[in-house]
$ cat query.cif   # mmCIF, C-alpha atoms (C1' of nucleotides)
data_work
#
loop_
_atom_site.label_atom_id
_atom_site.label_comp_id
_atom_site.auth_asym_id
_atom_site.auth_seq_id
_atom_site.Cartn_x
_atom_site.Cartn_y
_atom_site.Cartn_z
CA MET A 45 -9.10 -109.51 385.20
CA ILE A 46 -6.64 -111.60 383.24
CA ALA A 47 -9.67 -112.62 381.19
CA VAL A 48 -9.62 -109.15 379.63
CA PHE A 49 -6.10 -109.81 378.41
CA LYS A 50 -7.06 -113.19 377.01
CA GLU A 51 -10.03 -111.71 375.16
CA TYR A 52 -7.79 -109.06 373.68
CA LEU A 53 -5.32 -111.66 372.46
CA LYS A 54 -8.07 -113.71 370.87
CA GLU A 55 -9.25 -110.70 368.92
CA LYS A 56 -5.81 -109.74 367.71
CA ALA A 57 -4.64 -113.03 366.27
CA ASN A 58 -5.55 -116.67 365.78
CA TYR A 59 -3.66 -118.14 368.66
CA THR A 60 -4.08 -121.80 369.53
CA GLU A 61 -5.48 -122.48 373.01
CA GLN A 62 -2.04 -123.64 374.03
CA GLU A 63 -0.40 -120.44 372.84
CA LEU A 64 -2.98 -118.37 374.64
CA ASP A 65 -2.21 -120.22 377.84
CA ILE A 66 1.51 -119.70 377.44
CA ILE A 67 1.10 -115.96 376.92
CA VAL A 68 -1.37 -115.51 379.74
CA ALA A 69 0.78 -117.61 382.07
CA ALA A 70 3.72 -115.30 381.40
CA ALA A 71 1.75 -112.27 382.57
CA VAL A 72 1.76 -111.06 386.14
CA ILE A 73 -1.24 -109.12 387.38
CA ARG A 74 -0.52 -105.99 389.33
CA LYS A 75 -2.89 -103.60 391.02
CA VAL A 76 -2.05 -99.92 391.00
CA ARG A 77 -4.08 -97.63 393.24
CA ARG A 78 -5.13 -94.14 392.20
CA ARG A 79 -2.14 -91.78 392.40
CA GLN A 80 0.26 -94.67 392.81
CA TYR A 81 3.26 -94.94 390.50
CA LEU A 82 3.82 -97.79 388.08
CA LEU A 83 7.08 -96.19 386.98
CA GLN A 84 8.98 -93.32 388.53
CA GLN A 85 11.42 -91.02 386.82
CA GLY A 86 14.93 -92.36 387.32
CA ASP A 87 13.88 -96.01 387.55
CA VAL A 88 14.57 -98.50 384.78
CA TRP A 89 11.48 -99.86 383.06
CA LYS A 90 11.68 -103.61 382.44
CA HIS A 91 8.21 -104.65 381.36
CA ASN A 92 5.42 -104.25 378.94
CA ALA A 93 2.16 -103.37 380.63
CA PHE A 94 -1.28 -104.16 379.33
CA VAL A 95 -4.17 -102.41 381.07
CA THR A 96 -7.01 -104.73 382.07
CA LYS A 97 -8.86 -102.17 384.17
CA GLY A 98 -8.55 -98.48 385.00
CA CYS A 99 -6.53 -95.64 383.57
CA LEU A 100 -2.91 -94.49 383.64
CA ARG A 101 -0.84 -91.67 382.26
CA THR A 102 2.76 -91.17 381.18
CA TYR A 103 4.16 -87.73 381.97
CA THR A 104 7.21 -85.65 382.78
CA VAL A 105 7.67 -82.90 385.34
CA ASP A 106 9.68 -79.86 384.29
CA GLU A 107 11.91 -77.56 386.41
CA LYS A 108 8.93 -75.38 387.28
CA GLY A 109 7.00 -78.37 388.55
CA ALA A 110 4.57 -78.42 385.63
CA GLU A 111 3.40 -81.83 384.45
CA HIS A 112 3.36 -82.71 380.76
CA ILE A 113 1.24 -85.71 379.83
CA ILE A 114 2.60 -87.72 376.91
CA ASN A 115 0.02 -90.48 376.89
CA PHE A 116 -2.96 -92.03 378.54
CA ALA A 117 -3.81 -95.71 378.66
CA VAL A 118 -7.14 -97.34 379.48
CA GLU A 119 -8.45 -100.89 379.17
CA ASN A 120 -6.91 -102.83 376.27
CA TRP A 121 -4.06 -100.39 375.79
CA TRP A 122 -0.38 -100.97 376.31
CA ILE A 123 1.75 -98.60 378.30
CA GLY A 124 5.42 -98.37 379.25
CA ASP A 125 8.67 -96.71 378.30
CA ARG A 126 10.21 -98.27 375.21
CA GLU A 127 13.21 -96.01 375.48
CA SER A 128 14.20 -97.25 378.92
CA LEU A 129 13.23 -100.83 378.10
CA ARG A 130 15.47 -100.85 375.06
CA THR A 131 18.50 -99.05 376.46
CA GLY A 132 18.36 -100.08 380.10
CA GLU A 133 18.79 -96.41 380.99
CA PRO A 134 16.72 -94.80 383.78
CA SER A 135 13.43 -93.49 382.52
CA ILE A 136 12.70 -89.80 382.14
CA TYR A 137 8.98 -90.50 382.49
CA ASN A 138 6.55 -91.11 385.31
CA ILE A 139 3.62 -93.43 384.93
CA ASP A 140 0.88 -93.32 387.53
CA ALA A 141 -2.72 -94.39 387.92
CA ILE A 142 -5.54 -91.89 387.43
CA GLU A 143 -8.05 -94.43 388.72
CA ASP A 144 -7.64 -97.67 390.65
CA THR A 145 -6.06 -99.80 387.98
CA GLU A 146 -4.99 -103.29 387.14
CA VAL A 147 -2.30 -104.17 384.62
CA ALA A 148 -0.91 -107.38 383.18
CA LEU A 149 2.88 -107.17 383.22
CA LEU A 150 5.10 -109.08 380.82
CA SER A 151 8.75 -108.91 381.78
CA LYS A 152 11.20 -108.02 379.04
CA GLU A 153 12.54 -111.56 379.11
CA ALA A 154 9.13 -113.20 378.92
CA TYR A 155 8.16 -110.82 376.17
CA ASP A 156 11.26 -111.55 374.09
CA THR A 157 10.79 -115.27 374.58
CA LEU A 158 7.19 -115.07 373.44
CA CYS A 159 8.25 -113.13 370.36
CA VAL A 160 10.67 -115.87 369.41
CA GLU A 161 8.49 -118.84 370.25
CA ILE A 162 5.12 -117.64 369.05
CA SER A 163 5.39 -115.98 365.68
CA ALA A 164 1.80 -114.74 365.84
CA PHE A 165 2.75 -112.90 369.02
CA ASN A 166 5.72 -111.31 367.30
CA ASP A 167 3.50 -110.20 364.44
CA MET A 168 0.89 -108.84 366.83
CA VAL A 169 3.49 -106.88 368.73
CA ASN A 170 4.82 -105.33 365.55
CA ALA A 171 1.36 -104.47 364.35
CA ILE A 172 0.74 -102.69 367.65
CA LEU A 173 4.01 -100.85 367.31
CA GLU A 174 3.12 -99.75 363.82
CA LYS A 175 -0.26 -98.53 364.94
CA SER A 176 1.35 -96.63 367.82
CA PHE A 177 3.68 -94.97 365.37
CA ARG A 178 0.87 -93.94 363.07
CA VAL A 179 -1.11 -92.53 365.96
CA SER A 180 1.86 -90.50 367.13
CA GLN A 181 2.48 -89.17 363.62
CA HIS A 182 -1.10 -88.02 363.58
CA ARG A 183 -0.68 -86.35 366.93
CA ILE A 184 2.41 -84.51 365.72
CA HIS A 185 0.34 -83.30 362.82
CA THR A 186 -2.27 -81.85 365.18
CA PHE A 187 0.44 -79.94 367.02
CA ILE A 188 1.90 -78.30 363.96
CA SER A 189 -1.33 -77.59 362.13
CA LEU A 190 -4.25 -77.05 364.51
CA THR A 191 -5.30 -74.18 366.76
CA ALA A 192 -5.99 -74.86 370.42
CA GLU A 193 -9.71 -75.08 369.79
CA GLU A 194 -9.23 -77.47 366.87
CA LYS A 195 -6.92 -79.64 368.94
CA TYR A 196 -9.60 -79.99 371.58
CA ARG A 197 -12.32 -80.76 369.05
CA ASN A 198 -10.04 -83.32 367.46
CA PHE A 199 -9.46 -84.89 370.86
CA LEU A 200 -13.22 -85.13 371.46
CA GLU A 201 -13.67 -86.83 368.11
CA ARG A 202 -10.85 -89.29 368.43
CA LEU A 203 -11.04 -90.14 372.11
CA PRO A 204 -14.59 -89.38 373.25
CA HIS A 205 -14.50 -92.04 375.94
CA LEU A 206 -11.45 -90.37 377.48
CA ALA A 207 -12.98 -86.90 377.40
CA THR A 208 -15.55 -87.84 380.02
CA ARG A 209 -13.20 -89.92 382.08
CA LEU A 210 -10.27 -87.60 382.66
CA PRO A 211 -9.96 -84.40 384.64
CA GLN A 212 -9.86 -81.46 382.26
CA SER A 213 -6.55 -80.27 383.60
CA MET A 214 -5.00 -83.49 382.34
CA ILE A 215 -6.61 -83.19 378.94
CA ALA A 216 -5.21 -79.68 378.74
CA SER A 217 -1.74 -80.95 379.57
CA TYR A 218 -2.06 -83.70 376.96
CA LEU A 219 -3.00 -81.09 374.36
CA GLY A 220 -0.14 -78.79 375.32
CA MET A 221 -2.17 -75.97 376.81
CA THR A 222 -3.04 -74.71 380.29
CA ALA A 223 -6.18 -75.76 382.17
CA GLU A 224 -7.41 -72.14 382.04
CA THR A 225 -7.10 -71.99 378.29
CA LEU A 226 -8.99 -75.25 377.88
CA SER A 227 -11.71 -74.01 380.21
CA ARG A 228 -12.15 -70.89 378.07
CA ILE A 229 -12.24 -72.91 374.88
CA ARG A 230 -14.95 -75.14 376.31
CA LYS A 231 -17.01 -72.10 377.24
CA LEU A 232 -16.58 -70.76 373.74
CA ILE A 233 -17.67 -74.02 372.14
CA VAL A 234 -20.82 -74.19 374.27
CA HIS A 235 -21.83 -70.71 373.07
CA LYS A 236 -21.61 -71.78 369.43
CA MET B 55 23.97 -94.78 344.45
CA ILE B 56 22.63 -98.20 345.31
CA ALA B 57 25.98 -98.67 347.05
CA VAL B 58 24.74 -96.31 349.78
CA PHE B 59 21.83 -98.64 350.41
CA LYS B 60 24.11 -101.67 350.53
CA GLU B 61 26.44 -99.97 353.01
CA TYR B 62 23.49 -99.09 355.18
CA LEU B 63 22.26 -102.68 355.19
CA LYS B 64 25.72 -103.98 356.11
CA GLU B 65 25.81 -101.69 359.10
CA LYS B 66 22.37 -102.60 360.33
CA ALA B 67 22.62 -106.37 360.38
CA ASN B 68 24.87 -109.31 359.55
CA TYR B 69 23.46 -110.22 356.20
CA THR B 70 25.16 -112.84 354.07
CA GLU B 71 26.44 -111.63 350.71
CA GLN B 72 23.61 -113.52 349.09
CA GLU B 73 20.98 -111.87 351.25
CA LEU B 74 22.45 -108.47 350.51
CA ASP B 75 22.19 -109.15 346.82
CA ILE B 76 18.59 -110.26 347.11
CA ILE B 77 17.61 -107.12 349.00
CA VAL B 78 19.50 -104.78 346.72
CA ALA B 79 18.12 -106.50 343.64
CA ALA B 80 14.59 -105.90 344.91
CA ALA B 81 15.19 -102.16 345.09
CA VAL B 82 14.45 -99.81 342.22
CA ILE B 83 16.40 -96.59 342.00
CA ARG B 84 14.42 -93.46 341.30
CA LYS B 85 15.59 -89.92 340.79
CA VAL B 86 13.43 -87.11 342.11
CA ARG B 87 14.28 -83.60 341.05
CA ARG B 88 14.00 -80.61 343.37
CA ARG B 89 10.33 -79.64 343.81
CA GLN B 90 9.19 -82.83 342.19
CA TYR B 91 6.70 -85.04 344.02
CA LEU B 92 7.44 -88.54 345.18
CA LEU B 93 3.90 -88.82 346.55
CA GLN B 94 0.96 -86.52 346.02
CA GLN B 95 -2.04 -86.08 348.27
CA GLY B 96 -4.81 -88.37 347.04
CA ASP B 97 -2.50 -90.99 345.58
CA VAL B 98 -2.00 -94.39 347.17
CA TRP B 99 1.50 -95.04 348.48
CA LYS B 100 2.75 -98.52 347.68
CA HIS B 101 6.43 -98.52 348.54
CA ASN B 102 9.07 -98.01 351.13
CA ALA B 103 11.60 -95.42 350.12
CA PHE B 104 15.19 -95.29 351.29
CA VAL B 105 17.08 -92.08 350.54
CA THR B 106 20.49 -92.62 348.96
CA LYS B 107 21.08 -88.98 348.10
CA GLY B 108 19.35 -85.66 348.67
CA CYS B 109 16.54 -84.52 350.90
CA LEU B 110 12.76 -84.87 350.99
CA ARG B 111 9.89 -83.74 353.17
CA THR B 112 6.45 -85.06 354.09
CA TYR B 113 3.82 -82.36 354.52
CA THR B 114 0.17 -81.41 354.30
CA VAL B 115 -1.47 -78.29 352.92
CA ASP B 116 -4.39 -76.83 354.86
CA GLU B 117 -7.47 -74.91 353.59
CA LYS B 118 -5.56 -71.63 353.81
CA GLY B 119 -2.78 -73.01 351.68
CA ALA B 120 -0.29 -73.22 354.53
CA GLU B 121 2.14 -76.13 354.46
CA HIS B 122 2.79 -78.22 357.55
CA ILE B 123 5.92 -80.33 357.46
CA ILE B 124 5.64 -83.62 359.33
CA ASN B 125 9.06 -85.02 358.51
CA PHE B 126 12.27 -84.63 356.63
CA ALA B 127 14.43 -87.40 355.23
CA VAL B 128 18.04 -87.23 354.10
CA GLU B 129 20.61 -89.88 353.16
CA ASN B 130 20.13 -93.17 355.02
CA TRP B 131 16.63 -92.35 356.17
CA TRP B 132 13.39 -94.02 355.20
CA ILE B 133 10.38 -92.08 354.07
CA GLY B 134 6.84 -92.90 353.02
CA ASP B 135 3.29 -93.06 354.27
CA ARG B 136 2.67 -96.08 356.44
CA GLU B 137 -0.97 -95.19 356.78
CA SER B 138 -1.69 -95.35 353.07
CA LEU B 139 0.63 -98.33 352.59
CA ARG B 140 -1.22 -100.30 355.24
CA THR B 141 -4.80 -99.38 354.39
CA GLY B 142 -4.55 -98.87 350.63
CA GLU B 143 -6.40 -95.57 351.13
CA PRO B 144 -5.30 -92.41 349.30
CA SER B 145 -2.64 -90.53 351.21
CA ILE B 146 -3.32 -87.24 352.97
CA TYR B 147 0.35 -86.33 352.66
CA ASN B 148 2.60 -84.89 350.01
CA ILE B 149 6.22 -85.92 349.71
CA ASP B 150 8.52 -83.85 347.56
CA ALA B 151 12.21 -83.28 347.06
CA ILE B 152 13.93 -80.28 348.64
CA GLU B 153 17.10 -81.03 346.70
CA ASP B 154 17.77 -83.23 343.68
CA THR B 155 17.31 -86.61 345.25
CA GLU B 156 17.69 -90.29 344.66
CA VAL B 157 15.74 -92.98 346.48
CA ALA B 158 15.74 -96.77 346.51
CA LEU B 159 12.17 -98.00 346.27
CA LEU B 160 11.01 -101.32 347.63
CA SER B 161 7.52 -102.20 346.54
CA LYS B 162 5.12 -103.37 349.22
CA GLU B 163 5.19 -106.87 347.77
CA ALA B 164 8.99 -107.05 347.58
CA TYR B 165 9.20 -105.67 351.08
CA ASP B 166 6.78 -108.21 352.51
CA THR B 167 8.56 -111.03 350.73
CA LEU B 168 11.91 -109.92 352.12
CA CYS B 169 10.43 -109.81 355.61
CA VAL B 170 9.30 -113.39 355.31
CA GLU B 171 12.37 -114.80 353.61
CA ILE B 172 15.14 -112.95 355.39
CA SER B 173 14.52 -112.85 359.11
CA ALA B 174 17.35 -110.40 359.69
CA PHE B 175 15.54 -108.02 357.34
CA ASN B 176 12.34 -108.42 359.29
CA ASP B 177 14.18 -107.67 362.53
CA MET B 178 15.90 -104.66 361.00
CA VAL B 179 12.62 -103.28 359.78
CA ASN B 180 11.05 -103.62 363.18
CA ALA B 181 14.01 -102.02 364.89
CA ILE B 182 13.67 -99.07 362.52
CA LEU B 183 9.98 -98.86 363.27
CA GLU B 184 10.64 -98.86 366.98
CA LYS B 185 13.23 -96.14 366.65
CA SER B 186 10.82 -94.08 364.56
CA PHE B 187 8.22 -94.44 367.27
CA ARG B 188 10.61 -93.36 370.00
CA VAL B 189 11.70 -90.35 367.98
CA SER B 190 8.12 -89.30 367.43
CA GLN B 191 7.30 -89.69 371.13
CA HIS B 192 10.19 -87.39 371.86
CA ARG B 193 8.94 -84.91 369.34
CA ILE B 194 5.47 -84.92 370.90
CA HIS B 195 7.15 -84.18 374.19
CA THR B 196 8.86 -81.13 372.72
CA PHE B 197 5.51 -79.81 371.52
CA ILE B 198 3.77 -80.08 374.86
CA SER B 199 6.63 -78.96 377.05
CA LEU B 200 8.97 -76.55 375.25
CA THR B 201 8.71 -72.88 374.31
CA ALA B 202 9.32 -71.85 370.71
CA GLU B 203 12.92 -70.89 371.48
CA GLU B 204 13.56 -74.18 373.28
CA LYS B 205 12.07 -76.12 370.38
CA TYR B 206 14.48 -74.44 367.99
CA ARG B 207 17.48 -75.03 370.26
CA ASN B 208 16.44 -78.65 370.62
CA PHE B 209 16.23 -78.94 366.85
CA LEU B 210 19.74 -77.53 366.47
CA GLU B 211 21.05 -80.04 368.98
CA ARG B 212 19.31 -83.08 367.58
CA LEU B 213 19.54 -82.37 363.86
CA PRO B 214 22.46 -79.97 363.35
CA HIS B 215 23.15 -81.28 359.85
CA LEU B 216 19.59 -80.43 358.83
CA ALA B 217 19.71 -76.94 360.29
CA THR B 218 22.24 -75.80 357.70
CA ARG B 219 20.68 -77.70 354.86
CA LEU B 220 17.06 -76.61 354.98
CA PRO B 221 15.39 -73.27 354.32
CA GLN B 222 14.41 -71.68 357.61
CA SER B 223 10.82 -71.41 356.57
CA MET B 224 10.68 -75.20 356.42
CA ILE B 225 12.33 -75.59 359.80
CA ALA B 226 9.74 -73.20 361.18
CA SER B 227 6.94 -75.26 359.69
CA TYR B 228 8.45 -78.45 361.12
CA LEU B 229 8.55 -76.83 364.55
CA GLY B 230 4.98 -75.59 364.32
CA MET B 231 5.68 -71.87 364.12
CA THR B 232 5.74 -69.19 361.42
CA ALA B 233 8.89 -68.24 359.53
CA GLU B 234 8.70 -64.76 361.05
CA THR B 235 8.69 -66.12 364.57
CA LEU B 236 11.68 -68.32 363.87
CA SER B 237 13.54 -65.41 362.34
CA ARG B 238 12.97 -63.37 365.50
CA ILE B 239 14.04 -66.22 367.73
CA ARG B 240 17.28 -66.58 365.78
CA LYS B 241 17.98 -62.88 366.17
CA LEU B 242 17.35 -63.17 369.89
CA ILE B 243 19.71 -66.13 370.23
CA VAL B 244 22.52 -64.32 368.41
CA HIS B 245 22.26 -61.42 370.84
CA LYS B 246 22.75 -63.76 373.80
"C1'" DC C 31 22.07 -58.80 335.53
"C1'" DG C 32 17.32 -59.74 336.49
"C1'" DA C 33 14.03 -62.71 338.44
"C1'" DT C 34 12.74 -65.37 341.99
"C1'" DT C 35 12.79 -67.10 346.42
"C1'" DC C 36 13.91 -66.65 351.19
"C1'" DT C 37 14.61 -63.85 355.26
"C1'" DT C 38 14.10 -59.96 358.07
"C1'" DT C 39 11.65 -56.15 360.15
"C1'" DG C 40 7.77 -53.30 361.89
"C1'" DA C 41 3.26 -52.43 363.79
"C1'" DA C 42 -1.08 -54.06 365.15
"C1'" DA C 43 -4.09 -57.69 366.46
"C1'" DA C 44 -5.08 -62.20 368.17
"C1'" DC C 45 -3.97 -65.64 371.21
"C1'" DA C 46 -2.35 -68.10 375.22
"C1'" DG C 47 -0.19 -67.91 379.78
"C1'" DT C 48 0.05 -66.28 384.65
"C1'" DC C 49 -1.64 -65.26 389.05
"C1'" DA C 50 -5.16 -64.76 392.24
"C1'" DA C 51 -9.81 -65.26 393.58
"C1'" DT C 52 -14.09 -67.57 393.41
"C1'" DC C 53 -17.15 -71.33 392.46
"C1'" DT C 54 -18.58 -76.25 392.32
"C1'" DG C 55 -18.90 -80.83 393.45
"C1'" DT C 56 -17.24 -84.78 396.19
"C1'" DG C 57 -16.12 -87.21 399.99
"C1'" DT C 58 -14.93 -87.48 404.98
"C1'" DG C 59 -15.17 -87.11 409.82
"C1'" DG C 60 -17.70 -85.41 413.66
"C1'" DC D 273 -26.81 -85.60 408.21
"C1'" DC D 274 -24.25 -81.57 408.24
"C1'" DA D 275 -20.09 -78.86 407.98
"C1'" DC D 276 -15.85 -78.67 406.31
"C1'" DA D 277 -11.89 -79.62 403.54
"C1'" DC D 278 -10.14 -80.51 399.21
"C1'" DA D 279 -9.49 -80.89 394.43
"C1'" DG D 280 -10.86 -79.40 390.13
"C1'" DA D 281 -12.98 -75.86 387.15
"C1'" DT D 282 -14.00 -71.24 386.09
"C1'" DT D 283 -13.38 -66.28 385.82
"C1'" DG D 284 -11.07 -61.69 385.64
"C1'" DA D 285 -7.30 -58.67 384.88
"C1'" DC D 286 -2.97 -58.43 383.19
"C1'" DT D 287 1.27 -59.82 380.77
"C1'" DG D 288 3.81 -61.93 377.37
"C1'" DT D 289 4.17 -64.43 373.09
"C1'" DT D 290 2.97 -65.52 368.47
"C1'" DT D 291 0.53 -64.47 364.30
"C1'" DT D 292 -0.74 -61.60 360.58
"C1'" DC D 293 -0.02 -58.52 356.95
"C1'" DA D 294 2.80 -55.60 354.42
"C1'" DA D 295 7.11 -54.02 352.99
"C1'" DA D 296 11.95 -53.99 352.51
"C1'" DG D 297 16.36 -56.45 352.34
"C1'" DA D 298 19.52 -60.50 351.23
"C1'" DA D 299 20.69 -64.44 348.72
"C1'" DT D 300 20.55 -67.59 344.90
"C1'" DC D 301 20.16 -69.21 340.23
"C1'" DG D 302 19.81 -69.19 335.48
#
$ encode --input "query.cif" --output "structure tokens"
Amino acid sequence: MIAVFKEYLKEKANYTEQELDIIVAAAVIRKVRRRQYLLQQGDVWKHNAFVTKGCLRTYTVDEKGAEHIINFAVENWWIGDRESLRTGEPSIYNIDAIEDTEVALLSKEAYDTLCVEISAFNDMVNAILEKSFRVSQHRIHTFISLTAEEKYRNFLERLPHLATRLPQSMIASYLGMTAETLSRIRKLIVHK
Amino acid sequence: MIAVFKEYLKEKANYTEQELDIIVAAAVIRKVRRRQYLLQQGDVWKHNAFVTKGCLRTYTVDEKGAEHIINFAVENWWIGDRESLRTGEPSIYNIDAIEDTEVALLSKEAYDTLCVEISAFNDMVNAILEKSFRVSQHRIHTFISLTAEEKYRNFLERLPHLATRLPQSMIASYLGMTAETLSRIRKLIVHK
DNA sequence: CGATTCTTTGAAAACAGTCAATCTGTGTGG
DNA sequence: CCACACAGATTGACTGTTTTCAAAGAATCG
């Protein structure tokens, strides 16, 4: 499945064959079974993970035991905890697999080295970061300006491939509403 | 007020005196009066703005005329629309001054040149971007996991200097609630 | 002081959450 | 292959929270 990673890199920048090999060689493939953790609250996150197959989520669990999903990641997405990676502090997030999954892990050290030695990699990484930021700004905007129904419709538009792939209870959590509310909204939409 | 910008740069990285001068020389100071726009919906944003004095907000206006505040920026913060800057498309946001304000503007071209020629500047810029991303992830988390009262308390903790500086109606908008709701929450908190 | 803007309050309506029960589909073991 | 268990989705009744609209009360600025 490392081929997926290589394809992704080729699309993102004009790496030389040699550079591609260096990057791919630095990655470690790791399988994560459904329901298995990639990161557990309290642990320090020391990698950058690229998903080659499957689906993961980042979430927190509050005092009442309710889960709050911050992010999903499927094939060709990056996932991790930048906060913990940067500070070295234990993470407040959990990351686990929603399906049987495979990720390419780049250790913090390998990652930093690649950034220094391959300028195209550094640029790619920053472009990804910028995109992530823009996406999260957009998501904030949905929270402050849309109704529950609009948030769901917006989700269907922006991430249609996720809508069919994820349990609805998780979509509800991602949108900041209960599974019951989402179920009622879906019913309402069908009747329109 | 350009001195504020220079101080900020000194704190963020070890620039040489020469580098500092180059960066500062690239900046254009612009005054923005209270209620005056720095960016208007439909215009293309072509700068990066650093606030040396005053306070601004980024917001949208929906079909019903309601304003939704995405972000504030006070002294030593950056503000702008990365989306429009990157794509060259007209912005969907408005930016205006909440107080009489002064910003240092770096044109897209000047900014890109500085990134190439001064590597410390490039690193600084990326560190700022990463921080912005982490802050916005945190904010998303507040939206999906906190009650209205908790969101306000969290705001007071994280941005106490803004709480006293901004009209409450704007804080309410930033938190995704109505001014009336925030007013009631404040009353409730006082009685505790 | 007067005008304007911001905040507070009240009452009703709309909306979303909670809890408990039922329904549906999937996969497993006998 | 069937029966059962299990997880996820739906529904109903109820509760609690937030919005809406309208009006009154502070605060601020020229």
$ closest_atom_pairs --input "query.cif" --of "chain A" --to "chain D" --cutoff "10 Å" --atoms "only C-alpha atoms (C1' of nucleotides)" --output "JSON lines"
{"residue": "A:Pro211", "atom": "CA", "partner": "D:DG280", "partner_atom": "C1'", "distance": 7.5}
{"residue": "A:Gln212", "atom": "CA", "partner": "D:DA281", "partner_atom": "C1'", "distance": 8.1}
{"residue": "A:Ser213", "atom": "CA", "partner": "D:DG280", "partner_atom": "C1'", "distance": 7.9}
{"residue": "A:Ala223", "atom": "CA", "partner": "D:DA281", "partner_atom": "C1'", "distance": 8.4}
{"residue": "A:Glu224", "atom": "CA", "partner": "D:DT282", "partner_atom": "C1'", "distance": 7.8}
{"residue": "A:Ser227", "atom": "CA", "partner": "D:DT282", "partner_atom": "C1'", "distance": 6.9}
{"residue": "A:Arg228", "atom": "CA", "partner": "D:DT282", "partner_atom": "C1'", "distance": 8.2}
{"residue": "A:Lys231", "atom": "CA", "partner": "D:DT282", "partner_atom": "C1'", "distance": 9.4}
$ write_last_selection --input "query.cif" --atoms "C-alpha atoms" --output "mmCIF file, in the frame of the given file"
data_model
loop_
_atom_site.group_PDB
_atom_site.id
_atom_site.type_symbol
_atom_site.label_atom_id
_atom_site.label_comp_id
_atom_site.auth_asym_id
_atom_site.auth_seq_id
_atom_site.Cartn_x
_atom_site.Cartn_y
_atom_site.Cartn_z
ATOM 1 C CA PRO A 211 -9.960 -84.400 384.640
ATOM 2 C CA GLN A 212 -9.860 -81.460 382.260
ATOM 3 C CA SER A 213 -6.550 -80.270 383.600
ATOM 4 C CA ALA A 223 -6.180 -75.760 382.170
ATOM 5 C CA GLU A 224 -7.410 -72.140 382.040
ATOM 6 C CA SER A 227 -11.710 -74.010 380.210
ATOM 7 C CA ARG A 228 -12.150 -70.890 378.070
ATOM 8 C CA LYS A 231 -17.010 -72.100 377.240
#
$ resolve_selection --input "query.cif" --expression "the PyMOL selection byres ((chain A and resi 155) around 10)" --output "JSON, numbers by chain"
{"A": [67, 70, 71, 91, 92, 149, 150, 151, 152, 153, 154, 156, 157, 158, 159, 160, 161, 165, 166, 169]}
$ atom_distance --input "query.cif" --atom1 "atom CA of Glu146 of chain A" --atom2 "atom CA of Ile73 of chain A"
6.9 Å
$ atom_distance --input "query.cif" --atom1 "atom CA of Asp154 of chain B" --atom2 "atom CA of Gly108 of chain B"
5.8 Å
$ axis_aligned_box --input "query.cif" --around "segment 34-45 of chain C" --padding-each-side "4 Å" --output "lines of an AutoDock Vina configuration file"
center_x = 4.8
center_y = -59.8
center_z = 356.6
size_x = 27.7
size_y = 22.7
size_z = 37.2
$ residues_around --input "query.cif" --residues "Asn148 of chain B" --least-positions-apart "3" --cutoff "7 Å" --atoms "only C-alpha atoms (C1' of nucleotides)" --output "list of chain:residue names"
B:Leu93, B:Gln94, B:Gln95, B:Thr112, B:Tyr113, B:Thr114
$ interface_residues --input "query.cif" --of "chain C" --to "chain B" --cutoff "9 Å" --atoms "only C-alpha atoms (C1' of nucleotides)" --output "list of chain:residue names"
C:DC36, C:DT37, C:DT38
$ atom_distance --input "query.cif" --atom1 "atom CA of Gly96 of chain B" --atom2 "atom CA of Ala171 of chain A"
24.4 Å
$ resolve_selection --input "query.cif" --expression "the PyMOL selection byres ((chain B) within 9 of (chain A))" --output "ChimeraX atom specification"
/B:114,116,120-124,136-137,180,183-188,190-191,193-195,197-199,227-231
